[in-house]
file work.cif (mmCIF, C-alpha atoms)
data_work
#
loop_
_atom_site.label_atom_id
_atom_site.label_comp_id
_atom_site.auth_asym_id
_atom_site.auth_seq_id
_atom_site.Cartn_x
_atom_site.Cartn_y
_atom_site.Cartn_z
CA MET A 1 -20.40 -0.86 20.81
CA THR A 2 -16.72 -0.92 21.73
CA LEU A 3 -13.73 0.23 19.71
CA LEU A 4 -10.20 -0.52 20.87
CA LEU A 5 -7.23 0.80 18.88
CA HIS A 6 -3.86 -0.88 19.33
CA GLY A 7 -1.34 1.77 18.40
CA PHE A 8 1.72 3.77 19.35
CA TRP A 9 2.15 7.52 19.62
CA ARG A 10 4.71 7.72 16.83
CA SER A 11 3.12 5.30 14.36
CA LEU A 12 2.00 7.11 11.21
CA ALA A 13 -0.39 4.29 10.33
CA THR A 14 -2.00 4.56 13.77
CA PHE A 15 -2.38 8.30 13.19
CA ARG A 16 -4.42 7.64 10.03
CA VAL A 17 -6.89 5.42 11.89
CA ARG A 18 -7.05 7.72 14.92
CA ALA A 19 -7.88 10.71 12.73
CA ALA A 20 -10.57 8.73 10.86
CA LEU A 21 -12.21 7.72 14.16
CA ASN A 22 -12.12 11.36 15.28
CA LEU A 23 -13.61 12.60 11.99
CA LYS A 24 -16.53 10.20 12.49
CA GLY A 25 -17.00 11.40 16.06
CA LEU A 26 -16.52 7.88 17.42
CA ALA A 27 -15.50 7.16 21.00
CA TYR A 28 -12.66 4.63 21.30
CA ASP A 29 -9.98 3.46 23.66
CA GLU A 30 -6.35 3.25 22.63
CA THR A 31 -3.80 0.88 24.08
CA ALA A 32 -0.09 1.45 23.47
CA VAL A 33 2.13 -1.16 21.84
CA ASP A 34 5.58 0.29 22.55
CA LEU A 35 7.62 -0.09 19.36
CA ASP A 36 10.76 1.16 21.09
CA ARG A 37 10.54 -1.69 23.59
CA GLY A 38 9.65 -4.25 20.92
CA GLU A 39 6.21 -4.90 22.39
CA GLN A 40 4.89 -5.60 18.88
CA PHE A 41 6.80 -8.90 19.11
CA GLY A 42 5.52 -9.78 22.59
CA ALA A 43 3.00 -12.49 23.42
CA ARG A 44 0.19 -10.04 24.12
CA TYR A 45 0.28 -8.31 20.72
CA HIS A 46 1.16 -11.51 18.88
CA ARG A 47 -2.33 -12.74 19.74
CA ILE A 48 -3.78 -9.54 18.24
CA ASN A 49 -1.65 -9.32 15.09
CA ALA A 50 0.87 -12.05 14.35
CA GLN A 51 2.34 -9.84 11.62
CA HIS A 52 3.62 -7.61 14.48
CA VAL A 53 2.72 -4.35 12.76
CA LEU A 54 0.52 -1.48 13.90
CA PRO A 55 -2.27 -0.56 14.07
CA ALA A 56 -5.03 -3.04 14.82
CA LEU A 57 -8.60 -2.05 15.59
CA GLU A 58 -11.03 -4.20 17.52
CA HIS A 59 -14.72 -3.49 16.86
CA ASP A 60 -17.10 -5.60 18.96
CA GLY A 61 -14.76 -8.60 18.74
CA LEU A 62 -13.89 -8.13 15.06
CA LEU A 63 -10.15 -7.62 14.57
CA LEU A 64 -9.06 -5.33 11.76
CA THR A 65 -5.55 -4.68 10.42
CA GLN A 66 -3.82 -2.45 7.82
CA SER A 67 -4.55 1.26 8.11
CA LEU A 68 -6.28 1.95 4.78
CA PRO A 69 -8.55 -1.11 4.91
CA ILE A 70 -9.42 -0.15 8.50
CA VAL A 71 -10.28 3.39 7.36
CA GLU A 72 -12.44 2.04 4.50
CA TYR A 73 -14.22 -0.22 7.03
CA ILE A 74 -14.84 2.74 9.33
CA ASP A 75 -16.19 4.72 6.38
CA GLU A 76 -18.52 1.92 5.32
CA THR A 77 -19.76 1.22 8.85
CA TRP A 78 -20.29 4.85 9.90
CA PRO A 79 -20.94 6.66 6.59
CA ASP A 80 -21.32 10.17 7.97
CA PRO A 81 -19.35 12.26 7.13
CA PRO A 82 -18.12 10.35 4.06
CA LEU A 83 -14.37 9.97 3.61
CA LEU A 84 -14.63 9.00 -0.06
CA PRO A 85 -16.19 10.92 -2.96
CA ALA A 86 -19.56 9.78 -4.32
CA ASP A 87 -18.25 9.07 -7.85
CA ALA A 88 -16.01 6.18 -8.94
CA ARG A 89 -13.62 8.56 -10.71
CA GLY A 90 -13.21 10.62 -7.55
CA ARG A 91 -12.77 7.54 -5.39
CA ALA A 92 -10.03 6.31 -7.73
CA ARG A 93 -8.19 9.63 -7.46
CA VAL A 94 -8.51 9.76 -3.68
CA ARG A 95 -7.41 6.15 -3.23
CA ALA A 96 -4.44 6.64 -5.58
CA LEU A 97 -3.35 9.74 -3.65
CA ALA A 98 -3.60 7.76 -0.41
CA GLN A 99 -1.40 5.01 -1.84
CA ILE A 100 1.64 7.23 -2.38
CA PRO A 101 2.41 7.75 1.32
CA THR A 102 1.12 4.39 2.47
CA ALA A 103 2.50 2.11 -0.25
CA ASP A 104 5.36 4.04 -1.88
CA VAL A 105 7.00 5.79 1.10
CA HIS A 106 6.01 4.52 4.53
CA PRO A 107 6.91 0.84 3.94
CA LEU A 108 10.49 1.91 3.27
CA ILE A 109 11.05 3.79 6.50
CA VAL A 110 9.46 1.58 9.16
CA PRO A 111 11.66 0.19 12.00
CA ARG A 112 12.00 -3.32 10.58
CA VAL A 113 13.53 -1.90 7.38
CA ARG A 114 15.87 0.48 9.20
CA ASN A 115 16.92 -2.39 11.47
CA PHE A 116 17.66 -4.62 8.48
CA LEU A 117 19.78 -1.93 6.83
CA GLU A 118 21.83 -1.68 10.01
CA ALA A 119 22.07 -5.37 10.92
CA GLU A 120 22.63 -6.83 7.47
CA PHE A 121 24.40 -4.08 5.57
CA GLY A 122 26.03 -2.14 8.43
CA ILE A 123 24.39 1.11 7.38
CA ALA A 124 25.00 3.56 10.22
CA GLN A 125 22.62 6.27 11.42
CA PRO A 126 23.63 8.98 8.88
CA GLY A 127 23.09 6.56 6.00
CA ARG A 128 19.78 5.40 7.40
CA LEU A 129 18.65 9.00 7.78
CA LYS A 130 19.66 9.71 4.18
CA TRP A 131 17.59 6.69 3.14
CA ILE A 132 14.55 7.85 5.10
CA ARG A 133 14.72 11.41 3.79
CA HIS A 134 15.27 10.23 0.21
CA TRP A 135 12.01 8.28 0.17
CA PHE A 136 10.05 11.00 1.92
CA ASP A 137 11.35 13.49 -0.65
CA ARG A 138 10.53 11.32 -3.66
CA GLY A 139 7.06 10.85 -2.18
CA SER A 140 6.64 14.57 -1.59
CA GLU A 141 7.53 15.30 -5.21
CA ALA A 142 5.07 12.69 -6.47
CA ILE A 143 2.25 13.94 -4.24
CA GLU A 144 2.87 17.54 -5.25
CA ILE A 145 2.49 16.62 -8.91
CA ARG A 146 -0.68 14.60 -8.26
CA LEU A 147 -2.28 17.38 -6.23
CA GLY A 148 -1.90 19.67 -9.23
CA GLU A 149 -3.67 17.21 -11.52
CA SER A 150 -7.29 16.81 -12.47
CA GLY A 151 -9.07 16.98 -9.14
CA PRO A 152 -11.70 19.42 -7.92
CA ALA A 153 -10.29 22.58 -6.36
CA GLY A 154 -10.93 23.14 -2.69
CA ARG A 155 -9.48 23.28 0.79
CA TYR A 156 -8.50 19.62 0.90
CA ALA A 157 -6.88 17.05 -1.38
CA HIS A 158 -10.13 16.42 -3.29
CA GLY A 159 -12.46 19.39 -3.04
CA ASP A 160 -13.83 20.87 0.15
CA ARG A 161 -14.47 17.65 2.00
CA VAL A 162 -11.84 15.76 3.99
CA SER A 163 -11.14 12.34 2.46
CA ILE A 164 -8.98 9.28 2.94
CA ALA A 165 -6.38 11.06 0.81
CA ASP A 166 -5.99 13.76 3.45
CA LEU A 167 -5.47 11.19 6.21
CA ALA A 168 -2.62 9.66 4.26
CA LEU A 169 -1.09 12.91 3.04
CA VAL A 170 -1.06 14.44 6.52
CA SER A 171 0.62 11.30 7.89
CA HIS A 172 3.29 11.81 5.22
CA VAL A 173 3.88 15.42 6.23
CA ILE A 174 4.03 14.50 9.93
CA GLY A 175 6.63 11.85 9.16
CA ALA A 176 8.62 14.16 6.88
CA ARG A 177 8.75 16.73 9.68
CA LEU A 178 9.76 14.22 12.35
CA PHE A 179 12.66 13.12 10.13
CA GLN A 180 13.36 16.64 8.86
CA ALA A 181 12.92 15.75 5.21
CA ASP A 182 12.63 18.52 2.61
CA LEU A 183 9.03 19.67 2.48
CA ALA A 184 10.06 22.71 0.47
CA LEU A 185 9.68 20.28 -2.44
CA ALA A 186 5.94 20.23 -1.86
CA PRO A 187 4.51 23.60 -0.76
CA ARG A 188 1.01 22.71 -1.86
CA LEU A 189 1.12 19.48 0.14
CA GLU A 190 2.46 21.21 3.22
CA ALA A 191 -0.21 23.92 3.13
CA LEU A 192 -2.89 21.28 2.69
CA ALA A 193 -1.57 19.35 5.70
CA ASP A 194 -1.61 22.48 7.84
CA ARG A 195 -5.23 23.17 6.89
CA CYS A 196 -6.08 19.61 7.97
CA LEU A 197 -4.07 19.86 11.19
CA ALA A 198 -6.04 22.96 12.09
CA LEU A 199 -9.09 20.68 12.39
CA ASP A 200 -9.67 19.24 15.84
CA ALA A 201 -9.97 15.66 14.53
CA PHE A 202 -6.46 15.81 13.03
CA ALA A 203 -4.87 17.80 15.84
CA ARG A 204 -6.05 15.34 18.50
CA ALA A 205 -4.70 12.44 16.42
CA HIS A 206 -1.21 13.95 15.99
CA PRO A 207 1.62 11.72 17.22
CA LEU A 208 3.04 14.46 19.41
CA ALA A 209 -0.34 14.94 21.10
CA GLN A 210 -0.39 11.35 22.39
CA PRO A 211 0.58 10.03 25.83
CA GLY A 212 4.21 8.94 25.80
CA ALA A 213 5.29 11.36 23.07
CA PRO A 214 8.28 13.62 23.71
CA ALA A 215 7.74 17.34 24.20
CA ALA A 216 6.52 18.71 20.91
CA ALA A 217 8.45 21.91 20.41
CA GLY A 218 11.69 20.57 18.94
CA ALA A 219 10.43 17.96 16.57
CA HIS A 220 7.34 19.55 15.08
CA ARG A 221 6.89 22.92 13.50
CA GLY A 222 3.10 23.00 13.76
CA MET B 1 -15.33 2.30 -24.69
CA THR B 2 -11.54 2.06 -24.79
CA LEU B 3 -9.17 0.70 -22.19
CA LEU B 4 -5.41 1.14 -22.57
CA LEU B 5 -3.06 -0.38 -20.01
CA HIS B 6 0.46 1.02 -19.72
CA GLY B 7 2.50 -1.83 -18.29
CA PHE B 8 5.52 -4.08 -18.57
CA TRP B 9 5.68 -7.84 -18.76
CA ARG B 10 7.58 -8.21 -15.49
CA SER B 11 5.69 -5.65 -13.41
CA LEU B 12 3.78 -7.35 -10.58
CA ALA B 13 1.50 -4.34 -10.21
CA THR B 14 0.65 -4.51 -13.93
CA PHE B 15 -0.16 -8.19 -13.47
CA ARG B 16 -2.77 -7.34 -10.81
CA VAL B 17 -4.60 -4.95 -13.13
CA ARG B 18 -4.28 -7.26 -16.15
CA ALA B 19 -5.82 -10.15 -14.20
CA ALA B 20 -8.66 -7.94 -12.95
CA LEU B 21 -9.47 -6.84 -16.52
CA ASN B 22 -9.44 -10.48 -17.60
CA LEU B 23 -11.69 -11.56 -14.73
CA LYS B 24 -14.24 -8.94 -15.82
CA GLY B 25 -14.02 -10.12 -19.42
CA LEU B 26 -12.99 -6.68 -20.62
CA ALA B 27 -11.15 -6.07 -23.89
CA TYR B 28 -8.13 -3.79 -23.55
CA ASP B 29 -4.92 -2.85 -25.28
CA GLU B 30 -1.59 -2.93 -23.49
CA THR B 31 1.40 -0.79 -24.34
CA ALA B 32 4.83 -1.64 -22.97
CA VAL B 33 6.86 0.79 -20.89
CA ASP B 34 10.25 -0.94 -20.85
CA LEU B 35 11.58 -0.69 -17.29
CA ASP B 36 14.91 -2.21 -18.33
CA ARG B 37 15.46 0.63 -20.80
CA GLY B 38 14.22 3.27 -18.36
CA GLU B 39 11.24 4.18 -20.52
CA GLN B 40 9.26 5.03 -17.37
CA PHE B 41 11.43 8.15 -17.16
CA GLY B 42 11.01 9.09 -20.84
CA ALA B 43 8.96 11.98 -22.16
CA ARG B 44 6.16 9.77 -23.46
CA TYR B 45 5.39 8.07 -20.13
CA HIS B 46 6.12 11.21 -18.12
CA ARG B 47 3.00 12.70 -19.69
CA ILE B 48 1.01 9.65 -18.57
CA ASN B 49 2.39 9.29 -15.04
CA ALA B 50 4.89 11.83 -13.75
CA GLN B 51 5.58 9.53 -10.79
CA HIS B 52 7.25 7.18 -13.32
CA VAL B 53 5.73 4.01 -11.86
CA LEU B 54 3.61 1.32 -13.47
CA PRO B 55 0.87 0.64 -14.23
CA ALA B 56 -1.46 3.31 -15.54
CA LEU B 57 -4.85 2.59 -17.07
CA GLU B 58 -6.65 4.92 -19.47
CA HIS B 59 -10.41 4.52 -19.59
CA ASP B 60 -12.12 6.78 -22.12
CA GLY B 61 -9.67 9.59 -21.40
CA LEU B 62 -9.63 9.09 -17.63
CA LEU B 63 -6.15 8.29 -16.37
CA LEU B 64 -5.87 5.94 -13.38
CA THR B 65 -2.79 5.03 -11.34
CA GLN B 66 -1.84 2.69 -8.45
CA SER B 67 -2.80 -0.95 -8.91
CA LEU B 68 -5.24 -1.48 -6.03
CA PRO B 69 -7.19 1.76 -6.61
CA ILE B 70 -7.34 0.83 -10.31
CA VAL B 71 -8.71 -2.61 -9.44
CA GLU B 72 -11.31 -1.06 -7.10
CA TYR B 73 -12.32 1.31 -9.92
CA ILE B 74 -12.66 -1.62 -12.31
CA ASP B 75 -14.78 -3.46 -9.75
CA GLU B 76 -17.05 -0.46 -9.18
CA THR B 77 -17.43 0.30 -12.89
CA TRP B 78 -18.01 -3.29 -14.06
CA PRO B 79 -19.50 -5.00 -10.99
CA ASP B 80 -19.87 -8.49 -12.44
CA PRO B 81 -18.30 -10.71 -11.23
CA PRO B 82 -17.62 -8.88 -7.95
CA LEU B 83 -14.03 -8.80 -6.69
CA LEU B 84 -14.98 -7.77 -3.15
CA PRO B 85 -17.29 -9.54 -0.66
CA ALA B 86 -20.76 -8.11 -0.05
CA ASP B 87 -20.18 -7.47 3.68
CA ALA B 88 -18.00 -4.77 5.25
CA ARG B 89 -16.26 -7.32 7.46
CA GLY B 90 -15.34 -9.44 4.45
CA ARG B 91 -14.19 -6.43 2.46
CA ALA B 92 -11.92 -5.40 5.34
CA ARG B 93 -10.35 -8.86 5.45
CA VAL B 94 -9.86 -9.00 1.68
CA ARG B 95 -8.39 -5.51 1.51
CA ALA B 96 -6.06 -6.21 4.44
CA LEU B 97 -4.84 -9.39 2.76
CA ALA B 98 -4.22 -7.44 -0.43
CA GLN B 99 -2.18 -4.86 1.45
CA ILE B 100 0.49 -7.30 2.63
CA PRO B 101 2.00 -7.93 -0.83
CA THR B 102 1.27 -4.48 -2.22
CA ALA B 103 2.20 -2.29 0.77
CA ASP B 104 4.49 -4.43 2.95
CA VAL B 105 6.59 -6.34 0.39
CA HIS B 106 6.45 -5.03 -3.17
CA PRO B 107 7.50 -1.42 -2.37
CA LEU B 108 10.76 -2.77 -0.95
CA ILE B 109 11.85 -4.72 -4.00
CA VAL B 110 11.05 -2.40 -6.93
CA PRO B 111 13.90 -1.24 -9.20
CA ARG B 112 14.21 2.25 -7.73
CA VAL B 113 14.91 0.74 -4.30
CA ARG B 114 17.38 -1.84 -5.58
CA ASN B 115 19.11 0.91 -7.55
CA PHE B 116 19.37 3.11 -4.47
CA LEU B 117 20.87 0.26 -2.42
CA GLU B 118 23.52 -0.17 -5.10
CA ALA B 119 24.25 3.45 -5.91
CA GLU B 120 24.19 4.92 -2.40
CA PHE B 121 25.27 2.04 -0.19
CA GLY B 122 27.32 -0.03 -2.63
CA ILE B 123 25.24 -3.15 -1.99
CA ALA B 124 26.24 -5.67 -4.67
CA GLN B 125 23.98 -8.19 -6.38
CA PRO B 126 24.18 -10.94 -3.69
CA GLY B 127 23.25 -8.47 -0.98
CA ARG B 128 20.40 -7.06 -3.04
CA LEU B 129 19.09 -10.56 -3.69
CA LYS B 130 19.25 -11.31 0.04
CA TRP B 131 17.25 -8.12 0.64
CA ILE B 132 14.62 -9.06 -1.92
CA ARG B 133 14.22 -12.60 -0.63
CA HIS B 134 14.09 -11.45 2.98
CA TRP B 135 11.06 -9.21 2.33
CA PHE B 136 9.31 -11.80 0.18
CA ASP B 137 9.82 -14.36 2.95
CA ARG B 138 8.54 -12.10 5.73
CA GLY B 139 5.52 -11.36 3.57
CA SER B 140 4.94 -15.05 2.85
CA GLU B 141 4.97 -15.80 6.58
CA ALA B 142 2.52 -13.00 7.30
CA ILE B 143 0.16 -14.03 4.51
CA GLU B 144 0.25 -17.67 5.60
CA ILE B 145 -0.84 -16.68 9.11
CA ARG B 146 -3.60 -14.42 7.80
CA LEU B 147 -4.96 -17.08 5.45
CA GLY B 148 -5.42 -19.35 8.46
CA GLU B 149 -7.42 -16.75 10.32
CA SER B 150 -11.13 -16.05 10.49
CA GLY B 151 -12.17 -16.10 6.84
CA PRO B 152 -14.65 -18.33 5.07
CA ALA B 153 -13.19 -21.60 3.83
CA GLY B 154 -13.08 -22.14 0.08
CA ARG B 155 -10.95 -22.42 -3.00
CA TYR B 156 -9.65 -18.86 -2.87
CA ALA B 157 -8.37 -16.40 -0.27
CA HIS B 158 -11.89 -15.53 0.90
CA GLY B 159 -14.35 -18.29 0.14
CA ASP B 160 -15.12 -19.69 -3.29
CA ARG B 161 -15.08 -16.43 -5.20
CA VAL B 162 -11.94 -14.78 -6.57
CA SER B 163 -11.31 -11.42 -4.89
CA ILE B 164 -8.86 -8.55 -4.87
CA ALA B 165 -6.93 -10.51 -2.24
CA ASP B 166 -6.21 -13.26 -4.77
CA LEU B 167 -4.90 -10.77 -7.34
CA ALA B 168 -2.42 -9.45 -4.80
CA LEU B 169 -1.45 -12.81 -3.31
CA VAL B 170 -0.81 -14.36 -6.72
CA SER B 171 1.38 -11.38 -7.66
CA HIS B 172 3.37 -12.07 -4.49
CA VAL B 173 3.87 -15.73 -5.39
CA ILE B 174 4.88 -14.87 -8.95
CA GLY B 175 7.46 -12.42 -7.63
CA ALA B 176 8.72 -14.86 -5.00
CA ARG B 177 9.22 -17.47 -7.73
CA LEU B 178 10.98 -15.07 -10.10
CA PHE B 179 13.44 -14.18 -7.31
CA GLN B 180 13.56 -17.74 -5.94
CA ALA B 181 12.41 -16.78 -2.46
CA ASP B 182 11.35 -19.48 0.00
CA LEU B 183 7.74 -20.35 -0.66
CA ALA B 184 8.06 -23.44 1.51
CA LEU B 185 7.27 -20.96 4.29
CA ALA B 186 3.74 -20.62 2.91
CA PRO B 187 2.33 -23.87 1.53
CA ARG B 188 -1.26 -22.70 1.85
CA LEU B 189 -0.45 -19.50 -0.06
CA GLU B 190 1.37 -21.36 -2.79
CA ALA B 191 -1.47 -23.85 -3.28
CA LEU B 192 -3.95 -20.99 -3.42
CA ALA B 193 -1.87 -19.21 -6.05
CA ASP B 194 -1.70 -22.33 -8.18
CA ARG B 195 -5.49 -22.72 -8.03
CA CYS B 196 -5.80 -19.13 -9.25
CA LEU B 197 -3.18 -19.56 -11.95
CA ALA B 198 -5.16 -22.50 -13.29
CA LEU B 199 -7.86 -19.98 -14.22
CA ASP B 200 -7.57 -18.53 -17.70
CA ALA B 201 -7.86 -14.94 -16.45
CA PHE B 202 -4.79 -15.36 -14.24
CA ALA B 203 -2.79 -17.50 -16.67
CA ARG B 204 -3.17 -14.97 -19.50
CA ALA B 205 -2.06 -12.18 -17.15
CA HIS B 206 1.11 -13.95 -15.99
CA PRO B 207 4.31 -11.97 -16.57
CA LEU B 208 5.94 -14.83 -18.43
CA ALA B 209 2.97 -15.05 -20.81
CA GLN B 210 3.50 -11.47 -22.04
CA PRO B 211 5.28 -10.28 -25.18
CA GLY B 212 8.90 -9.50 -24.37
CA ALA B 213 9.16 -11.98 -21.50
CA PRO B 214 12.03 -14.48 -21.50
CA ALA B 215 11.30 -18.17 -22.11
CA ALA B 216 9.31 -19.39 -19.16
CA ALA B 217 10.81 -22.72 -18.27
CA GLY B 218 13.78 -21.64 -16.17
CA ALA B 219 12.24 -18.89 -14.13
CA HIS B 220 8.81 -20.21 -13.33
CA ARG B 221 7.74 -23.52 -11.92
CA GLY B 222 4.07 -23.26 -12.98
#
call {"tool": "encode", "arguments": {"input": "work.cif", "output": "structure tokens"}}
result
Amino acid sequence: MTLLLHGFWRSLATFRVRAALNLKGLAYDETAVDLDRGEQFGARYHRINAQHVLPALEHDGLLLTQSLPIVEYIDETWPDPPLLPADARGRARVRALAQIPTADVHPLIVPRVRNFLEAEFGIAQPGRLKWIRHWFDRGSEAIEIRLGESGPAGRYAHGDRVSIADLALVSHVIGARLFQADLALAPRLEALADRCLALDAFARAHPLAQPGAPAAAGAHRG
Amino acid sequence: MTLLLHGFWRSLATFRVRAALNLKGLAYDETAVDLDRGEQFGARYHRINAQHVLPALEHDGLLLTQSLPIVEYIDETWPDPPLLPADARGRARVRALAQIPTADVHPLIVPRVRNFLEAEFGIAQPGRLKWIRHWFDRGSEAIEIRLGESGPAGRYAHGDRVSIADLALVSHVIGARLFQADLALAPRLEALADRCLALDAFARAHPLAQPGAPAAAGAHRG
């Protein structure tokens, strides 16, 4: 069995898949697609994912894309430990929590969007940073509300077992810290992320723990 | 058993849930949250969804949010007919297809984003329309490539059975038509959407078939 992850140190979506693989105790190789050099548009990665976005996971010749569907595939293929609750109601809550970072925030702050703001509308760096922080902050507020609603209490987003929700929420907090957004809006979220990042599977997946990442001290509080 | 959908005629995410309910043959009530009047921010809807986004589905007192997690809940709770393939590989392909419209395109064109472009960056209507069409077009290109890749042939996105992918892809085409984006980029996608929209479950869910929608002829080619 071979697993090959196409990712980049900084990519929040790659982080989600990396952490899921770690939580399952799976051995995998990772190959870097350098977003800063535009390698996602190069011939090599075009053959892997013609949408030019990260990550992609190859499993014994099967090519998987989109972080949450990849994580669901990992969970279905290697069920232990489960990353989704056993009940439909719980799964719906966990999946909805995971959607806030991945579908409401992250799509707005990826490089292709920042590049379009600059190239088409002439939005300079301070404006782009305001944009990025705005969407992180609106996401943080939304997550904080959701975490306080109708889920089981426990160490993680849904009880005492790590779930797909935690993968997504931690990626949000990592991104918010890298861009110095206002996590004071979401103390419950931030504490939850720190509990997750204390786990080896999350810590080893952290962007700043990857080859090619800049020295960690300045950019990350953890 | 009661099902109450909080939606709006124009909302593409509401369309996805409405079509799923129709495909399952479920009876439900729908209540309008008028996005044009800002009712998503009002006290009534704030109690339903403090994130102020559509849709929300109430099922016997359980409150569900986020369109794809709602559709997965519907599929798990009423399994017939299934909206996901039986194999993990197929489910991963279907879920990844569904992510392109819902996570790569739709988040960029919702009202809160258009409003921010106007209020913060002074982007006028022509610029905002260019923005909207740009993201629809990039999504259409990506979907068209994916549809040509490694899935079973058939009438729909994944073989001859309607899946969650079709719900999302049809919502993309409906949105692209409403905003007059360039669907000539994706002839396979457009033909697929028209096959789906010929089904009663999709046709009855169409935004322009809802109470409150403007007359259909001008805005929609179907």
call {"tool": "resolve_selection", "arguments": {"input": "work.cif", "expression": "the PyMOL selection byres ((chain A) within 9 of (chain B))", "output": "number ranges by chain"}}
result
A: 50-51, 62, 64-70, 72-73, 76-77, 88-89, 91-97, 99-100, 102-108, 113, 116, 120-121, 123, 127, 131, 138-139, 141-143, 145-146
call {"tool": "resolve_selection", "arguments": {"input": "work.cif", "expression": "the PyMOL selection byres ((chain B and resi 188-193) around 8)", "output": "list in words"}}
result
Ser140, Ile143, Glu144, Leu147, Arg155, Tyr156, Ala157, Asp166, Leu169, Val170, Val173, Leu183, Ala186, Pro187, Asp194, Arg195, Cys196 and Leu197 of chain B
call {"tool": "residues_around", "arguments": {"input": "work.cif", "residues": "Arg18 in chain B", "least_positions_apart": "5", "cutoff": "9 Å", "atoms": "only C-alpha atoms", "output": "list in words"}}
result
Leu5, Gly7, Ala13, Leu23, Glu30, Ala201, Phe202, Arg204, Ala205 and His206 of chain B
call {"tool": "residues_near_point", "arguments": {"input": "work.cif", "point": "(1.6, -13.5, -22.8)", "cutoff": "12 Å", "atoms": "all atoms listed in the file", "output": "JSON, numbers by chain"}}
result
{"B": [8, 9, 10, 15, 18, 19, 30, 200, 201, 202, 203, 204, 205, 206, 207, 208, 209, 210, 211, 212, 213, 214, 215, 216]}
call {"tool": "resolve_selection", "arguments": {"input": "work.cif", "expression": "the PyMOL selection byres ((chain A and resi 40) around 12)", "output": "PyMOL selection string"}}
result
chain A and resi 6-8+11+32-39+41-56+111-112
call {"tool": "atom_distance", "arguments": {"input": "work.cif", "atom1": "CA of Asp137 in chain A", "atom2": "CA of Gln125 in chain A"}}
result
18.0 Å
call {"tool": "atom_distance", "arguments": {"input": "work.cif", "atom1": "CA of Leu178 in chain A", "atom2": "CA of Arg16 in chain A"}}
result
15.8 Å
call {"tool": "residues_around", "arguments": {"input": "work.cif", "residues": "Gly61 in chain B", "least_positions_apart": "4", "cutoff": "10 Å", "atoms": "only C-alpha atoms", "output": "PyMOL selection string"}}
result
chain B and resi 1-4+57
call {"tool": "atom_distance", "arguments": {"input": "work.cif", "atom1": "CA of Gly159 in chain B", "atom2": "CA of Asp60 in chain A"}}
result
22.9 Å
call {"tool": "axis_aligned_box", "arguments": {"input": "work.cif", "around": "range 147-154 of chain B", "padding_each_side": "5 Å", "output": "lines of an AutoDock Vina configuration file"}}
result
center_x = -9.8
center_y = -19.1
center_z = 5.3
size_x = 19.7
size_y = 16.1
size_z = 20.4
